[in-house]
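Q: query09.txt is the file, holding compact mmCIF, C-alpha atoms:
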```txt
# COMPACT_ATOMS: atom_id res chain seq x y z
CA MET A 240 -78.95 56.80 -15.59
CA ASN A 241 -77.39 53.98 -17.53
CA ARG A 242 -79.74 53.10 -20.40
CA LYS A 243 -79.22 49.84 -22.24
CA SER A 244 -79.44 49.54 -26.00
CA THR A 245 -80.63 45.95 -26.08
CA PRO A 246 -84.38 45.38 -26.48
CA PRO A 247 -86.28 44.85 -23.23
CA THR A 248 -87.46 41.36 -22.37
CA VAL A 249 -90.67 42.78 -20.86
CA LYS A 250 -93.00 44.41 -23.37
CA PRO A 251 -94.53 47.65 -22.05
CA THR A 252 -98.31 48.06 -22.01
CA SER A 253 -99.97 50.97 -23.79
CA ALA A 254 -100.10 52.99 -20.56
CA GLU A 255 -96.45 52.18 -19.84
CA LEU A 256 -95.50 53.31 -23.35
CA ASP A 257 -97.18 56.66 -22.62
CA VAL A 258 -94.96 57.08 -19.55
CA LEU A 259 -91.87 56.00 -21.48
CA GLN A 260 -92.71 58.46 -24.26
CA ALA A 261 -92.90 61.27 -21.69
CA ILE A 262 -89.55 60.29 -20.17
CA TRP A 263 -87.91 60.01 -23.61
CA GLU A 264 -89.19 63.52 -24.39
CA ILE A 265 -88.26 65.26 -21.13
CA GLY A 266 -85.45 63.07 -19.84
CA ALA A 267 -85.05 61.48 -16.42
CA SER A 268 -87.79 62.94 -14.23
CA THR A 269 -89.71 62.79 -10.99
CA VAL A 270 -93.25 61.43 -10.94
CA LYS A 271 -94.51 65.01 -10.57
CA GLN A 272 -92.68 66.08 -13.74
CA VAL A 273 -93.97 63.09 -15.73
CA HIS A 274 -97.51 63.74 -14.51
CA ALA A 275 -97.27 67.44 -15.45
CA HIS A 276 -96.00 66.50 -18.92
CA MET A 277 -98.79 63.98 -19.52
CA ALA A 278 -101.67 65.92 -17.90
CA PRO A 279 -102.51 68.28 -20.80
CA ALA A 280 -103.29 65.35 -23.09
CA ARG A 281 -104.82 63.23 -20.31
CA PRO A 282 -106.63 65.48 -17.79
CA ASP A 283 -108.21 62.40 -16.15
CA LEU A 284 -104.76 61.04 -15.23
CA THR A 285 -104.00 61.53 -11.54
CA TYR A 286 -100.64 61.87 -9.86
CA ALA A 287 -101.40 58.68 -7.90
CA ASN A 288 -102.00 56.74 -11.14
CA VAL A 289 -98.68 57.90 -12.59
CA LEU A 290 -96.86 57.12 -9.33
CA ARG A 291 -98.27 53.59 -9.16
CA LEU A 292 -97.60 52.94 -12.84
CA MET A 293 -94.00 54.12 -12.55
CA GLN A 294 -93.46 51.97 -9.46
CA ILE A 295 -94.77 48.94 -11.36
CA MET A 296 -92.57 49.82 -14.34
CA HIS A 297 -89.54 50.03 -12.05
CA GLY A 298 -90.38 46.61 -10.65
CA LYS A 299 -90.61 45.19 -14.18
CA GLY A 300 -87.25 46.70 -15.13
CA LEU A 301 -88.69 49.23 -17.60
CA LEU A 302 -87.55 52.18 -15.48
CA GLU A 303 -84.46 52.85 -13.43
CA ARG A 304 -84.80 54.86 -10.23
CA ASP A 305 -82.29 57.19 -8.63
CA GLU A 306 -83.11 57.31 -4.92
CA ARG A 307 -80.40 59.76 -3.82
CA GLU A 308 -82.84 62.68 -3.62
CA ARG A 309 -86.06 62.93 -1.61
CA SER A 310 -88.08 62.87 -4.86
CA HIS A 311 -86.93 59.83 -6.77
CA VAL A 312 -85.85 60.41 -10.35
CA TYR A 313 -86.87 57.85 -12.94
CA GLY A 314 -85.29 57.18 -16.29
CA ALA A 315 -85.99 54.69 -19.04
CA ALA A 316 -84.04 51.46 -18.57
CA GLN A 317 -83.87 51.06 -22.36
CA SER A 318 -83.32 53.58 -25.10
CA GLN A 319 -86.29 54.59 -27.22
CA THR A 320 -84.67 52.95 -30.24
CA ALA A 321 -84.15 49.64 -28.44
CA THR A 322 -87.70 49.58 -27.08
CA GLN A 323 -89.27 50.46 -30.41
CA GLY A 324 -87.06 47.94 -32.20
CA GLY A 325 -88.15 45.16 -29.87
CA LEU A 326 -91.81 46.07 -30.27
CA VAL A 327 -91.54 46.24 -34.06
CA LYS A 328 -89.74 42.90 -34.19
CA ASP A 329 -92.50 41.36 -32.05
CA LEU A 330 -95.23 42.95 -34.20
CA ILE A 331 -93.62 41.72 -37.43
CA ARG A 332 -93.34 38.21 -36.01
CA LYS A 333 -96.88 38.07 -34.62
CA ALA A 334 -98.97 40.07 -37.09
CA PHE A 335 -97.02 39.88 -40.34
CA ALA A 336 -95.69 36.30 -40.29
CA GLY A 337 -92.13 37.56 -39.89
CA SER A 338 -92.23 39.82 -42.95
CA GLY A 339 -90.90 43.32 -42.48
CA LYS A 340 -91.92 44.02 -46.06
CA ALA A 341 -95.56 43.21 -45.22
CA LEU A 342 -95.47 45.64 -42.29
CA VAL A 343 -94.03 48.46 -44.42
CA LEU A 344 -96.46 47.83 -47.26
CA ALA A 345 -99.42 47.80 -44.86
CA ALA A 346 -98.30 51.13 -43.37
CA LEU A 347 -97.84 52.68 -46.80
CA ARG A 348 -101.11 51.31 -48.23
CA ASP A 349 -103.31 52.22 -45.28
CA GLY A 350 -102.35 55.90 -45.20
CA HIS A 351 -100.34 55.76 -41.98
CA VAL A 352 -97.44 57.58 -43.62
CA SER A 353 -97.61 61.28 -44.47
CA LYS A 354 -96.27 62.63 -47.77
CA ARG A 355 -93.35 64.16 -45.89
CA ASP A 356 -92.55 60.86 -44.16
CA ARG A 357 -92.90 59.00 -47.46
CA ALA A 358 -90.33 61.34 -49.05
CA GLU A 359 -87.96 60.67 -46.14
CA ILE A 360 -88.44 56.91 -46.52
CA GLU A 361 -87.80 57.13 -50.27
CA ALA A 362 -84.60 59.11 -49.65
CA LEU A 363 -83.49 56.48 -47.12
CA LEU A 364 -84.12 53.70 -49.66
CA ARG A 365 -82.08 55.59 -52.25
CA GLY A 366 -79.22 55.81 -49.74
CA GLU A 367 -79.62 59.52 -49.10
CA ASP A 368 -80.16 59.24 -45.35
CA LYS A 369 -78.74 62.37 -43.67
CA GLN A 370 -79.56 61.49 -40.06
```
Taking this structure as input, can you express it in the form of structure tokens?

A:
Amino acid sequence: MNRKSTPPTVKPTSAELDVLQAIWEIGASTVKQVHAHMAPARPDLTYANVLRLMQIMHGKGLLERDERERSHVYGAAQSQTATQGGLVKDLIRKAFAGSGKALVLAALRDGHVSKRDRAEIEALLRGEDKQ
């Protein structure tokens, strides 16, 4: 599948983000594979719900579909980085008056960052990023 690196124009819903997260973790997959991956955390989630959601996501352009096999294989239309970047940009604009600094400070102040993550962020700020 040919994933794009530009941010999507359609913002995924929370449920759609759950499906995208599964696909980013396991790669291009059938509905059955996505359902099996998501089921342990969401036992109430039915195969039919996942199928319908993935069909809607395909229609919105959030998923690409390979129809060469009997069981269609779906992949994310955008990379995880591009999707997250677009969502963060939108969040910064809407909730933090365009200030990335305000977003970061809120995350650091409100305990949303573990000590390990904080150390990684500090290393990044010092220019020691090894990724």

Q: Near Ala280 of chain A, counting only C-alpha atoms, which residues have an atom at most 12 Å away, once you skip same-chain residues fewer than 5 positions from it, shown as a list of chain:residue names?

A: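 Listing them by chain and then by number gives A:Asp257, A:Ala261, A:His274, A:Ala275.
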
Q: Taking all atoms listed in the file into account, which of A:Val249, A:Val343, A:Leu292, A:Ala334 comes nearest Ala316 of chain A?

A: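 Selected residue with least distance to Ala316 of chain A: A:Val249.
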
Q: For atom CA of Gly314 of chain A and atom CA of Gly266 of chain A, determine how far apart the two atoms are, in Å to one decimal place.

A: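 Interatomic distance, atom CA of Gly314 of chain A to atom CA of Gly266 of chain A: 6.9 Å.
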
Q: Could you tell me how far atom CA of Glu264 of chain A sits from atom CA of Leu290 of chain A, in Å to one decimal place?

A: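 We find that atom CA of Leu290 of chain A and atom CA of Glu264 of chain A lie 18.1 Å from each other.
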
Q: What's the separation between atom CA of Ala358 of chain A and atom CA of Gly324 of chain A, in Å to one decimal place?

A: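 So the answer is 21.8 Å.
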
Q: Which residues of segment 311-352 of chain A come within 12 Å of segment 360-364 of chain A, and what is each one's closest atom pair and distance in Å (one decimal), counting only C-alpha atoms, sorted by chain and residue number, as a tab-separated table?

A:
```
residue	atom	partner	partner_atom	distance
A:Val343	CA	A:Ile360	CA	10.3
A:Ala346	CA	A:Ile360	CA	11.9
A:Leu347	CA	A:Ile360	CA	10.3
A:Val352	CA	A:Ile360	CA	9.5
```

Q: Around (-86.5, 54.0, -26.2) in the file's frame, which residues reach within 12 Å when counting all atoms listed in the file? Return as number ranges by chain?

A: A: 242-247, 250-251, 255-264, 266, 301-302, 314-326

Q: Go ahead and save the residues from that selection, with C-alpha atoms, as a PDB file, in the coordinates of the input.

A:
```pdb
ATOM      1  CA  ARG A 242     -79.740  53.100 -20.400  1.00  0.00           C
ATOM      2  CA  LYS A 243     -79.220  49.840 -22.240  1.00  0.00           C
ATOM      3  CA  SER A 244     -79.440  49.540 -26.000  1.00  0.00           C
ATOM      4  CA  THR A 245     -80.630  45.950 -26.080  1.00  0.00           C
ATOM      5  CA  PRO A 246     -84.380  45.380 -26.480  1.00  0.00           C
ATOM      6  CA  PRO A 247     -86.280  44.850 -23.230  1.00  0.00           C
ATOM      7  CA  LYS A 250     -93.000  44.410 -23.370  1.00  0.00           C
ATOM      8  CA  PRO A 251     -94.530  47.650 -22.050  1.00  0.00           C
ATOM      9  CA  GLU A 255     -96.450  52.180 -19.840  1.00  0.00           C
ATOM     10  CA  LEU A 256     -95.500  53.310 -23.350  1.00  0.00           C
ATOM     11  CA  ASP A 257     -97.180  56.660 -22.620  1.00  0.00           C
ATOM     12  CA  VAL A 258     -94.960  57.080 -19.550  1.00  0.00           C
ATOM     13  CA  LEU A 259     -91.870  56.000 -21.480  1.00  0.00           C
ATOM     14  CA  GLN A 260     -92.710  58.460 -24.260  1.00  0.00           C
ATOM     15  CA  ALA A 261     -92.900  61.270 -21.690  1.00  0.00           C
ATOM     16  CA  ILE A 262     -89.550  60.290 -20.170  1.00  0.00           C
ATOM     17  CA  TRP A 263     -87.910  60.010 -23.610  1.00  0.00           C
ATOM     18  CA  GLU A 264     -89.190  63.520 -24.390  1.00  0.00           C
ATOM     19  CA  GLY A 266     -85.450  63.070 -19.840  1.00  0.00           C
ATOM     20  CA  LEU A 301     -88.690  49.230 -17.600  1.00  0.00           C
ATOM     21  CA  LEU A 302     -87.550  52.180 -15.480  1.00  0.00           C
ATOM     22  CA  GLY A 314     -85.290  57.180 -16.290  1.00  0.00           C
ATOM     23  CA  ALA A 315     -85.990  54.690 -19.040  1.00  0.00           C
ATOM     24  CA  ALA A 316     -84.040  51.460 -18.570  1.00  0.00           C
ATOM     25  CA  GLN A 317     -83.870  51.060 -22.360  1.00  0.00           C
ATOM     26  CA  SER A 318     -83.320  53.580 -25.100  1.00  0.00           C
ATOM     27  CA  GLN A 319     -86.290  54.590 -27.220  1.00  0.00           C
ATOM     28  CA  THR A 320     -84.670  52.950 -30.240  1.00  0.00           C
ATOM     29  CA  ALA A 321     -84.150  49.640 -28.440  1.00  0.00           C
ATOM     30  CA  THR A 322     -87.700  49.580 -27.080  1.00  0.00           C
ATOM     31  CA  GLN A 323     -89.270  50.460 -30.410  1.00  0.00           C
ATOM     32  CA  GLY A 324     -87.060  47.940 -32.200  1.00  0.00           C
ATOM     33  CA  GLY A 325     -88.150  45.160 -29.870  1.00  0.00           C
ATOM     34  CA  LEU A 326     -91.810  46.070 -30.270  1.00  0.00           C
TER      35      LEU A 326
END
```

Q: Leaving out Val270 of chain A and any residue of its chain fewer than 6 positions from it, which residues lie within 9 Å of it when counting all atoms listed in the file, given as a list in words?

A: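 Returned residues: Tyr286, Val289, Leu290, Met293, Ser310, His311, Val312 and Tyr313 of chain A.
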
Q: Here is a test: counting all atoms listed in the file, which residue of A:Leu342, A:Thr269, A:Ile331, A:Ala336 is nearest to Arg309 of chain A?

A: A:Thr269

Q: Centre and edge lengths of an axis-aligned box around all listed atoms of segment 273-288 of chain A, with 5 Å added on each side, are to be given in Å to one decimal, as AutoDock Vina command-line options.

A:
```
--center_x -101.1 --center_y 62.5 --center_z -15.5 --size_x 24.2 --size_y 21.5 --size_z 25.2
```

Q: Measuring between all atoms listed in the file, which one of A:Asp349, A:Val273, A:Ser268, A:Leu344 shows the shortest distance to Ala287 of chain A?

A: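 Answer, going by the shortest atom-to-atom distance: A:Val273.
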
Q: Name the closest residue to Arg291 of chain A among the candidates A:Glu359, A:Arg348, A:Ser338, A:Ala254; distances are taken between atoms, counting only C-alpha atoms.

A: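 Among the listed residues, the smallest separation from Arg291 of chain A belongs to A:Ala254.
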